[in-house]
Each structure stands twice: as structure tokens, then as C-alpha cells.
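What follows is a single structure, written as C-alpha cells, with notes after it.
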Amino acid sequence: MSNGLAGRFMAPLRGSIRAQILVILLSMLFLGSLVQGVVFYFQARSVSIGQMRDSYRGLALQVSALSAYNMQFNKSGLKETIQDMAGTDSNLLWVEFADASNKVLQAGGALKERPFAQPEKVVTGVLVSQISTPAGAGLLIRAPIQAAVAATGGGLGEMGLETQAQAPAQAKVIGELRLAVSLKPLAALLRGYATSGSLTILFTMIVGALVSVAVTRYLTKPLYQLTQYAGLIASGSLTSFKGDVNRKDELGRLVASFQTMSGNLAAIIREIREAFQRVEDGTQAVRKNLALTLGNSKEHDVAAQRVTEQVGQIQKAVGEVTHLMEGLSGLAEEVSSSVLEMIASIEEIAGHTDGLTEAVNTVASTLTQNVAAIREIDASAENLNRFVEETSSSMTEMEASIRQIEENAVATRKATEQVAEEAEAGTRAMEHAGASIQKLQASFESTHDVMRALGQRSEEVGNILSVIDEVMEQTHLLALNAAIIAAQAGEHGKSFAVVAGEIKELAGKTSVSTREIAGLIDAVQRDVHQAVEAVDGQRAIVDQTVAVSHETRQVFGRIQGAVRPSLRMVQEIARNTAEQARGAAGIVKATQQLSDLAHHLRRGTSEQTAGSEQILETVGRMRVLAEEVRRATGEQGEGSALIRQAMDRLTGAVAEVMGQTQAQTKAGKEVERTMESFRSANRASVMSIQEASEQVESLAQRAEEVGRGMGRFRTEGD
Amino acid sequence: MAQFASLFQFKKERIQESADRLFLGFAAGTQAYALEVSSVREILRIPKITSLPKVPSFVKGVIDLRGAILPVLDLRERLGLGTVDPKKGRVVVMLPGGSQALGLLVDSATEVFSAPPEDVLPPPEALRRPQLTFIEALLRTPAQLYLLLKPDTLLTPKEFEALESHAWSGSRTAP
């Protein structure tokens with residue numbers, strides 16, 4: 001029910017969560033304020049009425065206690081009391097005193113008439129009730145007036161009140177006080193309360209509404225952003241989302257995750273787009289390729305068609321040719337049987353002649369080549385001969401120079417040996433010199449020792465001098481002491497003063513002579529020092545001399561050491577040179593032999609050349625003969641020319657080819673035969689050529705050997 | 001002591017009679033000092049000075065002079081002029097002193113000479129200060145100027161008493 005009501009109420013706000021939250025908050029605020037205001041009002045009212053009642057109840061008690069005396073003994077005092085009360089409190093609408101029998105003694109107040117009904121009897125305790133008066137709502141307070149009993153001895157006034165408080169059980173009701181009080185001032189107070197309370201509630205509601213708006217805005221801001229962004233995403237725009245990510249609550253996390261989600265989504269979309277791009281590219285490429293392939297296959301198709309057409313044409317042509325050939329072969333078969341024999345005989349002769357001529361020509365050209373080769377061999381043999389001769393002469397020269405080297409080597413060896421001997425002699429001499437220098441050194445050493453001893457002695461003399469110095473000083477002191485004693489002795493010391501004077505004089509003399517001695521000793525010491533220094537200097541020179549002689553000896557030793565291997569080397573050189581000379585002689589002899597061989601070779605090749613030329617002549621004659629045979633054959637052939645012409649027209653390429661093949665085969669055989677005879681004639685010359693080549697080979701070998709030997713020689717000569 | 005005092009008196013008279021006074025000259029460092037012969041007992045070459053603990057630095061120690069143990073002062077240190085070269089100065093001038101004998105270590109004793117009264121000059125104004133109370137007068141000779149020392153001031157009675165508690169105190173009055 002309430003749900004339905006709320007739903008109906010919220011229906012227009014369903015589009016905005018912000019409005020919904022705001023409405024909820026505001027309605028809660030309003031309801032709360034309302035309830036609070038009502039509660040506050042009623043509380044204030046009840047509290048105010050209670051207070052008023054309590055205060056007038058207290059007044060009633062007080063007045064009733066005070067009026068006990070008047071009630072009993074001074075009835076007119078009650079009137080004064082009523083006038084006092086009404087005069088001081090304008091709220092008192094009505095005041096009346098009744099006695100114990102409920103008879104009204106005195107009454108009065110702000111109103112003209114009693115604002116309440118006459119009670120039936122007097123109350124024994126205080127009774128408060130609400131009444132409605134012509135002046136508005138009011139309170140009726142009824143309080144009993146009690147008098148003290150005999151126990152108090154007629155205690156009056158304030159005493160009576162005391163007695164009533166102390167012992168109410170002993171009191172006796174003698175009357176009643178009735179007060180009607182207006183509640184008008186209470187209404188004014190409550191109006192004031194209501195006004196201030198309403199203002200407070202209004203203020204609270206305004207502030208609350210503002211706070212509600214702010215809270216709502218704060219809470220729903222990210223929702224709005226998200227909504228907007230979601231709308232953007234829904235519409236397809238995936239721009240980067242700038243939300244409030246500083247918030248740490250669920251909405252903040254939602255925004256953050258939404259951000260991440262949008263980023264991921266964008267990335268995924270980008271990837272998909274790229275993938276599609278790739279797919280598109282690939283498709284395009286495939287399409288292009290397919291187009292190309294299609295074009296190619298079309299071309300192929302066209303070409304194939306063309307080929308097919310051509311093949312068809314060829315086939316057609318072949319069919320035609322076959323047809324023609326069939327006709328031709330029929331004709332040819334008819335003619336050939338009559339002509340074949342004659343042609344065969346003529347062509348046999350012609351083939352013979354042609355093959356012969358060809359063979360002769362071949363032989364002639366081969367022979368010409370052979371002769372040319374032999375001539376070349378002859379020329380190279382001549383070259384070789386010349387070279388060998390040159391080598392022989394240079395070898396002879398070399399032999400001579402080697403011999404000279406040998407002589408020089410021998411001379412060098414002798415000189416080196418002499419150097420070695422002299423170095424040895426020098427070493428020996430230096431050893432002698434070293435011995436004598438060492439002796440000299442030893443004698444200097446002893447001189448030096450003596451001089452040093454002398455120096456020490458002179459220093460000792462110096463020590464003695466210091467002793468003398470001391471003696472002199474003591475003498476001086478003695479003289480001074482003597483003078484002091486003499487002075488202190490006065491007259492008696494005068495003779496002693498003379499002695500003191502003498503002592504002083506003696507000391508003076510001693511001092512002088514001591515100084516002289518010191519001078520002398522100093523001079524001696526100086527001389528000795530100089531002598532020692534001189535000896536030291538000489539000793540240094542001697543030491544130097546010893547060192548020099550030692551060094552010289554070492555140098556001689558080194559020379560000897562150096563000469564020994566060089567001597568050995570020179571000897572070896574001499575030996576090597578002798579060996580070389582021997583080797584050179586052998587080479588000269590070998591070269592001579594080589595020269596002889598080259599001469600022989602040349603002679604052989606000359607003879608061969610002559611033989612080859614004779615063969616050439618014979619071949620020439622043969623060629624002439626063959627030419628004559630050919631001419632004769634030609635003449636014979638003329639007779640059958642007519643027939644051959646007809647034959648030529650009838651037989652096609654097939655028959656001619658056949659015939660020619662056969663003829664060729666036959667002619668080849670003939671040529672073979674003729675070649676056999678030529679080969680036998682030629683074999684002799686081949687053999688001689690082989691011999692010549694063998695000889696050339698051996699010659700080359702020799703030449704190589706020589707070259708090797710020469711190479712070796714050269715390295716030894718270096 | 002009384003004997004010495006009378007002797008001292010006697011000598012003074014003698015010297016006054018002859019008018020010329022006799023002095024002993026000696027050297028300490030570059031300076032020449034002099035003492036009146038009457039206040040000198042003898043001159044010694046000292047073999048060895050025995051050092052003492054806990055004495056002022058100018059007290060070099062004690063010597064044994066024919067059985068008497070006597071304190072030796074370093075003159076230069078006493079005057080605040082460095083110390084006597086231990087290699088050169090082994091000469092001690094013995095003073096009989098007013099109440100006690102002591103030795104004075106100097107570099108060398110030079111001579112005994114006499115000087116007329118007019119050559120004994122009072123020290124100049126600048127030297128009359130309390131810290132130079134050792135100087136009695138200046139002695140003029142043809143060769144050089146001597147500082148004439150006051151023997152009594154070299155070791156004050158107070159200082160002597162401070163030294164008295166040391167080893168020699170028992171035998172100081174022996175001679």
C-alpha cells in the first residue's frame with residue numbers, strides 16, 4: 001500500500017537518482033522536523049501547565065494555612081485576603097472561602113461570577129482540576145483549611161502551619177479555599193515557544209536541504225559521469241574517461257574499474273581494428289594475386305588455343321604432306337626400280353672418288369702439320385743446343401770464380417789463424433803485466449798501512465798535547481789560587497805572593513812552549529795526512545791500472561773467443577768452396593753431355609724432315625690421280641643426267657636421305673680402308689716422332705735436373 | 001763562624017789600607033764576571049757533580065770537597081742567561097759565603113787583578129732593578145768591563161734553608 005503510494009509519488013522522478021535521493025532526504029528531514037516540533041510543543045505545554053499548577057497549589061496551601069485563624073475568629077479578614085490576592089495576581093479569576101458545611105463565606109476575583117459549579121462538599125486534601133471559564137481555559141484548585149486541635153493549645157497562624165506539617169493526622173478541616181486560575185499567560189508563553197521552535201525547525205530544514213543537495217550531488221556525481229561515459233561508449237565513442245578517481249569508496253573504485261574497463265575496451269577495439277586492417281590487406285593482396293593468376297591463365301589459355309590451332313594446322317599440313325608423300329612414294333617406287341641400278345653404279349664411283357680425294361686431303365694436311373711440328377722440334381732443339389752451350393761457357397766461368405773464392409778462403413783462414421795466435425800471445429803478455437801490477441799494488445798497500453800507522457801516532461801525540469793543555473790549565477788555576485791565598489794572607493802572604501807570581505810565570509811559559517809543541521805536532525800531523533792522501537791517490541791510480549790490465553786481458557780473451565768461431569767458419573767456408581768447385585766441374589761435364597745429346601737430336605729431326613717431305617710429294621701425286629678419276633666419273637655421270645633429273649623430281653627428301661646415308665656409310669668404309677693404307681705408311685713417321693718426343697722428354701728431364709742443380713748451386717753460392 | 005767573620009773584617013781593613021782592591025775575574029758565556037778575592041776561598045776543577053732531585057734548576061747538585069758536601073750553583077742559570085757548557089766549564093769558584101759555603105760553576109777563571117777605587121763604578125740606573133740585585137758594581141779594566149757580583153745574593157737564606165733538608169745538611173759546617 002505504502003509501496004504503491006511511494007511508487008506513484010516517485011513516478012515522475014524515476015529518471016533521476018539524484019532527484020530520488022534528494023526527495024527521500026528532504027521528506028525524511030521534513031517528517032523528522034515536524035515530529036520534533038509537535039513533540040516539543042506538547043512537552044513544553046505539559047511542563048508549563050505542571051509548573052503553573054504546582055505554583056498555584058503551593059499558593060493555595062499557603063493561603064489556606066494562613067486563613068485558618070481568620071476562618072475561626074475573624075471572618076472579615078478573609079475578605080481582605082481575597083482583595084490582597086486578586087490585587088496582586090491578575091490571573092486569579094476567582095477566590096472563595098467556604099466553611100466546613102460548604103457554605104461560601106467570602107468570594108471575589110477578576111470575574112463577576114463564579115466560573116465553576118458549586119462543589120457538593122468540602123475537600124479534605126488538595127484537589128486540582130481543569131475548567132473552562134468565560135476568560136478561557138483555567139485551573140480550579142481546592143485546598144482544605146485545617147485548624148489545629150487542643151493538643152497544640154490553640155497554636156495559631158504560622159504555628160498552625162507548622163502543626164499541620166508536623167502532624168496532619170491531628171488536623172481538623174474547618175473550611176475550604178477555592179482558587180480559579182486563568183491559563184492565558186501559559187497560552188502566550190506557548191505561542192512564543194511555537195514561534196521560536198518553528199523558526200528553528202525552518203532554519204534546520206533549510207540547512208538540511210542544502211546539505212542534502214550537496215550530499216546528493218557528491219554521491220551521485222560519479223554516477224552521472226559514469227552514465228554520461230556509458231552513453232558515450234554506447235554511442236561508440238571510446239575517448240579516455242576522466243573520472244574522479246581520488247575517491248576511495250565503492251563509487252571511486254567503480255570509476256577506477258570503469259576507467260580500466262574503458263582503456264581495455266579501447267585497446268581491444270584497437271587490436272580488433274588492426275586485425276581487421278591486416279585481414280583487409282591480406283584479402284586485397286590475395287585478390288590482386290588472383291587477378292594476376294587469372295590474367296596469366298587466360299594468356300595460357302589463348303596460347304594453348306593458338307598452339308592447338310597451330311597443331312591442327314600442322315596436323316592438316318602433315319595430312320596433306322602424308323597424302324602427297326603417299327602419291328610420291330607410289331610414283332617413286334615405280335621409277336626407282338628402273339633407275340636405281342644405274343645410279344647406284346655411278347654414285348659408287350663418285351663416292352669412291354670423293355672419299356679418296358677427301359682422304360688424300362686429310363693425309364696431306366696431317367702430314368703438313370707433322371712436318372711443321374718436326375720443324376718446331378728442330379728449332380727448339382737448336383735453341384736447346386744454343387742454351388746448353390751458353391750454360392756450359394758460364395759454368396766454366398763460374399768454376400773459375402769458385403776456384404778464386406777457394407784461394408781467398410784459404411788466405412783468410414791463414415790470416416785468421418795468425419790473429420788467433422797473436423791474441424793468445426797478447427793474453428799471455430797481459431797476464432805477465434797483471435802479475436807485476438799486482439805486486440806493485442801489494443807494495444803500495446804496505447806503504448799505505450805504514451802511512452796510516454804514522455797518522456795514528458801523530459794523533460796520539462795530539463792526545464799528549466791535550467794532556468799538556470790540561471797541565472797548563474791546572475798550573476794556571478794553581479797560580480790563581482796562590483794569588484788568592486796570598487791576598488787573603490795579607491802582609492804575611494807577601495812572600496807567598498812572590499811564589500804565586502813565579503808559579504804564574506811558569507804557567508805562562510809552559511803555556512807558550514805547549515803552544516809551540518802543539519804547532520809542531522799540528523804541522524807533523526798535516527804532513528802525515530798529506531802523505532797518506534798522496535799514497536791513497538797513488539793507490540787509486542794503481543787500482544785503476546790493475547783494473548785496466550784486467551780489462552785488457554778480458555778484451556784479449558774476448559778476441560780469442562771471437563776469433564775461434566770465425567776461424568772455424570773460415571775453415572768451413574774453404575771446405576765448402578772446394579766442394580763447390582768439385583760440383584761445378586761435374587756440372588760442366590753434364591752440360592757437355594747435354595750439348596752432345598742436343599746435337600744428336602737435331603740431326604735426327606733433320607732426317608725426319610727430309611722423309612716427311614718425300615711423303616708429301618707422293619701424296620701430291622696421288623691427289624692429281626684422284627682428280628683424274630673424278631673427272632672420268634663426271635663424264636660418265638653426264639650420260640645418266642636426264643634420268644637423274646627425272647629421279648630428282650620424283651623422289652623427295654626421304655629417298656635422297658636414305659640413299660645418301662647408305663652412300664655415306666659405304667664411303668666411310670672406303671675411307672677407312674684407304675686410311676688404313678695411309679696409317680701404315682704414316683706409322684713409321686709416327687714412330688720416329690715418338691722417338692723424337694721421347695728424346696725431347698728426356699732432354700726436358702735433363703734440363704730440369706740441370707735447373708735443379710743450378711738452383712742448388714745458386715743457394716750454395718749465396 | 002765567628003772566626004770567619006773576624007777574618008773577613010780584618011781583610012776588609014787591609015784592603016782599605018792599600019786602597020787598591022783585588023778581584024778574581026772569570027768568564028761565563030760571553031760575559032766577564034768578577035768577585036772580590038776576599039769572598040773567594042779557592043778555585044777548583046770539578047771531577048763530578050752529583051745531581052739532586054727536586055731542587056731549582058740553577059742548583060746543579062753537590063760536590064765532595066775534601067770530605068765536605070757543598071752545593072754548586074750554575075752561575076748563568078742563576079742569572080737567567082742559559083746554562084754553562086758542560087764540556088768547557090768545569091771550573092768551580094768556591095765561596096766561603098756569609099753563613100755557608102757554596103760552589104759557583106763558571107766556564108773558566110781568567111785572572112786575579114787589582115783595581116783602584118775609581119775604577120769600581122756604581123751600576124747604571126737601568127740596572128738597579130730588583131731582579132738584578134746580584135750586581136754590586138761595574139769593574140773597569142783596560143781590557144774589558146767586569147760585572148762585580150754580590151756573593152750574599154747568589155743563594156738567599158730562604159733558598160739555603162730549602163736546600164738544607166737535603167743530603168749535605170749534616171756535613172755542611174765541617175770545615
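Please note that chains go A, B, ... in the order of the C-alpha cells, that every chain numbers its residues from 1, and that ligands are numbered from 1 in the order shown.
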For chain B, work out the contacting residues on chain A at 9 Å, counting only C-alpha atoms, and write them as an NGL selection string.
:A and (474 or 476-478 or 480-485 or 487-491)
Looking only at helix (DSSP H, G or I) from DSSP on the backbone, list the matching residues of region 58-195 of chain A as a compact mmCIF listing (two decimals) with C-alpha atoms, in the first residue's frame.
```
# COMPACT_ATOMS: atom_id res chain seq x y z
CA GLY A 58 1.68 25.96 46.79
CA LEU A 59 -0.09 29.35 46.94
CA ALA A 60 -3.34 27.70 47.84
CA LEU A 61 -1.72 25.69 50.65
CA GLN A 62 0.00 28.77 51.97
CA VAL A 63 -3.18 30.90 51.90
CA SER A 64 -5.30 28.12 53.45
CA ALA A 65 -2.80 27.76 56.29
CA LEU A 66 -2.74 31.49 56.84
CA SER A 67 -6.51 31.75 56.66
CA ALA A 68 -7.21 29.14 59.39
CA TYR A 69 -7.22 31.90 62.07
CA ASN A 70 -9.45 34.23 60.10
CA MET A 71 -11.81 31.41 59.36
CA GLN A 72 -12.28 30.71 63.03
CA PHE A 73 -12.11 34.08 64.62
CA LYS A 75 -14.35 36.32 59.15
CA SER A 76 -13.88 39.78 57.80
CA GLY A 77 -10.12 39.13 57.44
CA LEU A 78 -10.99 36.64 54.69
CA LYS A 79 -12.31 39.44 52.55
CA GLU A 80 -9.09 41.34 52.93
CA THR A 81 -7.20 38.23 51.97
CA ILE A 82 -9.27 37.86 48.79
CA GLN A 83 -8.73 41.52 47.89
CA ASP A 84 -4.96 41.19 48.51
CA MET A 85 -4.69 38.13 46.34
CA ALA A 86 -6.82 39.47 43.49
CA GLY A 87 -4.94 42.74 43.65
CA THR A 88 -1.51 41.12 43.36
CA ALA A 150 -6.36 21.04 71.52
CA ALA A 151 -3.06 19.28 71.71
CA THR A 152 -1.35 22.39 70.45
CA GLU A 158 2.29 30.30 61.40
CA MET A 159 2.31 27.94 64.34
CA GLY A 160 -0.77 26.32 62.78
CA LEU A 161 1.06 25.73 59.54
CA GLU A 162 3.89 24.18 61.47
CA THR A 163 1.49 21.97 63.33
CA GLN A 164 -0.15 20.96 60.08
CA ALA A 165 3.15 19.97 58.61
CA GLN A 166 4.21 18.09 61.67
CA PRO A 168 -1.60 16.36 59.75
CA ALA A 169 -3.50 13.45 61.27
CA GLN A 170 -4.49 15.58 64.18
CA LYS A 184 -3.97 32.70 29.44
CA PRO A 185 -0.36 33.61 30.19
CA LEU A 186 0.52 29.98 29.53
CA ALA A 187 -1.01 30.24 26.05
CA ALA A 188 1.10 33.35 25.34
CA LEU A 189 4.21 31.50 26.51
CA LEU A 190 3.38 28.54 24.33
CA ARG A 191 2.83 30.83 21.36
CA GLY A 192 6.32 32.21 21.91
CA TYR A 193 7.69 28.68 22.13
CA ALA A 194 5.88 27.72 18.96
CA THR A 195 7.23 30.72 17.06
```
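Shortest separation to Val123 (chain A) among A:Asp527, A:Glu176, A:Asp449, A:Glu96 occurs at residue A:Glu176, atoms counted being only C-alpha atoms.
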Exercise: Val255 (chain A) partners within 12 Å, only C-alpha atoms, chain neighbours under 3 positions left out, as a list in words:
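Counting only C-alpha atoms, the residues come to Thr220, Lys221, Pro222, Leu223, Tyr224, Gln225, Leu226, Thr227, Tyr229, Ala230, Phe241, Lys242, Gly243, Asp244, Val245, Asn246, Arg247, Lys248, Asp249, Glu250, Leu251, Gly252, Phe258, Gln259, Thr260, Met261 and Ser262 of chain A.
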Those selected residues, please, written with N, CA and C atoms and delivered as a PDB file, in the first residue's frame.
```
ATOM      1  N   THR A 220      26.162  11.357  -6.153  1.00  0.00           N
ATOM      2  CA  THR A 220      25.718  10.938  -7.474  1.00  0.00           C
ATOM      3  C   THR A 220      26.610  11.449  -8.598  1.00  0.00           C
ATOM      4  N   LYS A 221      27.617  12.288  -8.255  1.00  0.00           N
ATOM      5  CA  LYS A 221      28.461  12.866  -9.315  1.00  0.00           C
ATOM      6  C   LYS A 221      29.135  11.778 -10.169  1.00  0.00           C
ATOM      7  N   PRO A 222      29.855  10.835  -9.529  1.00  0.00           N
ATOM      8  CA  PRO A 222      30.475   9.788 -10.356  1.00  0.00           C
ATOM      9  C   PRO A 222      29.443   8.978 -11.120  1.00  0.00           C
ATOM     10  N   LEU A 223      28.267   8.812 -10.525  1.00  0.00           N
ATOM     11  CA  LEU A 223      27.227   8.068 -11.227  1.00  0.00           C
ATOM     12  C   LEU A 223      26.855   8.796 -12.517  1.00  0.00           C
ATOM     13  N   TYR A 224      26.756  10.149 -12.359  1.00  0.00           N
ATOM     14  CA  TYR A 224      26.423  10.949 -13.550  1.00  0.00           C
ATOM     15  C   TYR A 224      27.496  10.818 -14.613  1.00  0.00           C
ATOM     16  N   GLN A 225      28.749  10.948 -14.102  1.00  0.00           N
ATOM     17  CA  GLN A 225      29.877  10.828 -15.057  1.00  0.00           C
ATOM     18  C   GLN A 225      29.842   9.475 -15.748  1.00  0.00           C
ATOM     19  N   LEU A 226      29.656   8.442 -14.925  1.00  0.00           N
ATOM     20  CA  LEU A 226      29.629   7.098 -15.474  1.00  0.00           C
ATOM     21  C   LEU A 226      28.502   6.968 -16.495  1.00  0.00           C
ATOM     22  N   THR A 227      27.363   7.547 -16.135  1.00  0.00           N
ATOM     23  CA  THR A 227      26.214   7.471 -17.023  1.00  0.00           C
ATOM     24  C   THR A 227      26.531   8.132 -18.355  1.00  0.00           C
ATOM     25  N   TYR A 229      29.463   8.725 -19.563  1.00  0.00           N
ATOM     26  CA  TYR A 229      30.503   7.990 -20.296  1.00  0.00           C
ATOM     27  C   TYR A 229      29.938   6.720 -20.905  1.00  0.00           C
ATOM     28  N   ALA A 230      29.088   6.047 -20.127  1.00  0.00           N
ATOM     29  CA  ALA A 230      28.471   4.841 -20.650  1.00  0.00           C
ATOM     30  C   ALA A 230      27.666   5.186 -21.895  1.00  0.00           C
ATOM     31  N   PHE A 241      38.450   8.151 -20.411  1.00  0.00           N
ATOM     32  CA  PHE A 241      37.496   8.587 -19.393  1.00  0.00           C
ATOM     33  C   PHE A 241      38.213   9.292 -18.267  1.00  0.00           C
ATOM     34  N   LYS A 242      37.754  10.532 -17.970  1.00  0.00           N
ATOM     35  CA  LYS A 242      38.395  11.271 -16.878  1.00  0.00           C
ATOM     36  C   LYS A 242      37.406  11.359 -15.732  1.00  0.00           C
ATOM     37  N   GLY A 243      37.476  10.416 -14.833  1.00  0.00           N
ATOM     38  CA  GLY A 243      36.546  10.426 -13.712  1.00  0.00           C
ATOM     39  C   GLY A 243      37.239  10.814 -12.434  1.00  0.00           C
ATOM     40  N   ASP A 244      36.454  10.872 -11.352  1.00  0.00           N
ATOM     41  CA  ASP A 244      37.012  11.228 -10.045  1.00  0.00           C
ATOM     42  C   ASP A 244      37.569   9.967  -9.406  1.00  0.00           C
ATOM     43  N   VAL A 245      38.871   9.762  -9.609  1.00  0.00           N
ATOM     44  CA  VAL A 245      39.463   8.504  -9.122  1.00  0.00           C
ATOM     45  C   VAL A 245      40.069   8.684  -7.744  1.00  0.00           C
ATOM     46  N   ASN A 246      39.971   9.892  -7.189  1.00  0.00           N
ATOM     47  CA  ASN A 246      40.554  10.110  -5.864  1.00  0.00           C
ATOM     48  C   ASN A 246      39.684   9.529  -4.763  1.00  0.00           C
ATOM     49  N   ARG A 247      38.483   9.285  -5.116  1.00  0.00           N
ATOM     50  CA  ARG A 247      37.568   8.737  -4.104  1.00  0.00           C
ATOM     51  C   ARG A 247      37.956   7.307  -3.775  1.00  0.00           C
ATOM     52  N   LYS A 248      37.869   6.975  -2.482  1.00  0.00           N
ATOM     53  CA  LYS A 248      38.287   5.646  -2.060  1.00  0.00           C
ATOM     54  C   LYS A 248      37.091   4.719  -1.810  1.00  0.00           C
ATOM     55  N   ASP A 249      35.893   5.248  -1.937  1.00  0.00           N
ATOM     56  CA  ASP A 249      34.731   4.418  -1.636  1.00  0.00           C
ATOM     57  C   ASP A 249      34.362   3.537  -2.826  1.00  0.00           C
ATOM     58  N   GLU A 250      33.224   2.880  -2.737  1.00  0.00           N
ATOM     59  CA  GLU A 250      32.824   1.943  -3.776  1.00  0.00           C
ATOM     60  C   GLU A 250      32.675   2.650  -5.113  1.00  0.00           C
ATOM     61  N   LEU A 251      32.140   3.919  -5.062  1.00  0.00           N
ATOM     62  CA  LEU A 251      31.949   4.642  -6.311  1.00  0.00           C
ATOM     63  C   LEU A 251      33.285   4.949  -6.958  1.00  0.00           C
ATOM     64  N   GLY A 252      34.247   5.370  -6.100  1.00  0.00           N
ATOM     65  CA  GLY A 252      35.595   5.641  -6.606  1.00  0.00           C
ATOM     66  C   GLY A 252      36.164   4.398  -7.274  1.00  0.00           C
ATOM     67  N   PHE A 258      35.913   1.270 -14.046  1.00  0.00           N
ATOM     68  CA  PHE A 258      35.299   1.675 -15.301  1.00  0.00           C
ATOM     69  C   PHE A 258      36.348   2.246 -16.248  1.00  0.00           C
ATOM     70  N   GLN A 259      37.249   3.027 -15.620  1.00  0.00           N
ATOM     71  CA  GLN A 259      38.351   3.591 -16.410  1.00  0.00           C
ATOM     72  C   GLN A 259      39.178   2.479 -17.036  1.00  0.00           C
ATOM     73  N   THR A 260      39.600   1.532 -16.173  1.00  0.00           N
ATOM     74  CA  THR A 260      40.370   0.394 -16.648  1.00  0.00           C
ATOM     75  C   THR A 260      39.605  -0.319 -17.761  1.00  0.00           C
ATOM     76  N   MET A 261      38.305  -0.519 -17.495  1.00  0.00           N
ATOM     77  CA  MET A 261      37.480  -1.240 -18.459  1.00  0.00           C
ATOM     78  C   MET A 261      37.454  -0.499 -19.789  1.00  0.00           C
ATOM     79  N   SER A 262      37.306   0.850 -19.703  1.00  0.00           N
ATOM     80  CA  SER A 262      37.228   1.605 -20.946  1.00  0.00           C
ATOM     81  C   SER A 262      38.555   1.540 -21.686  1.00  0.00           C
TER      82      SER A 262
END
```
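From CA of Leu179 (chain A) back to CA of Ile141 (chain A), the distance works out to 5.1 Å.
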One-decimal distance in Å that lies between CA of His432 (chain A) and CA of Phe444 (chain A)
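Here the two named atoms are 18.7 Å from each other.
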In terms of the shortest atom-to-atom distance over only C-alpha atoms, which of A:Met398, A:Met28, A:Ile573, A:Val467 is closest to Ala585 (chain A)?
A:Met398
List the neighbours of Leu65 (chain B) out to 10 Å using only C-alpha atoms; skip same-chain residues closer than 5 positions along the sequence, and give me the result as number ranges by chain.
B: 44, 46, 70, 94, 103, 175
One number please: CA of Pro116 (chain B) to CA of Glu136 (chain B), in Å, one decimal.
15.9 Å
Skip Val62 (chain B) itself and residues of its chain fewer than 6 positions away, then list as a PyMOL selection string all residues within 7 Å of it, counting only C-alpha atoms.
chain B and resi 49-51+69-72
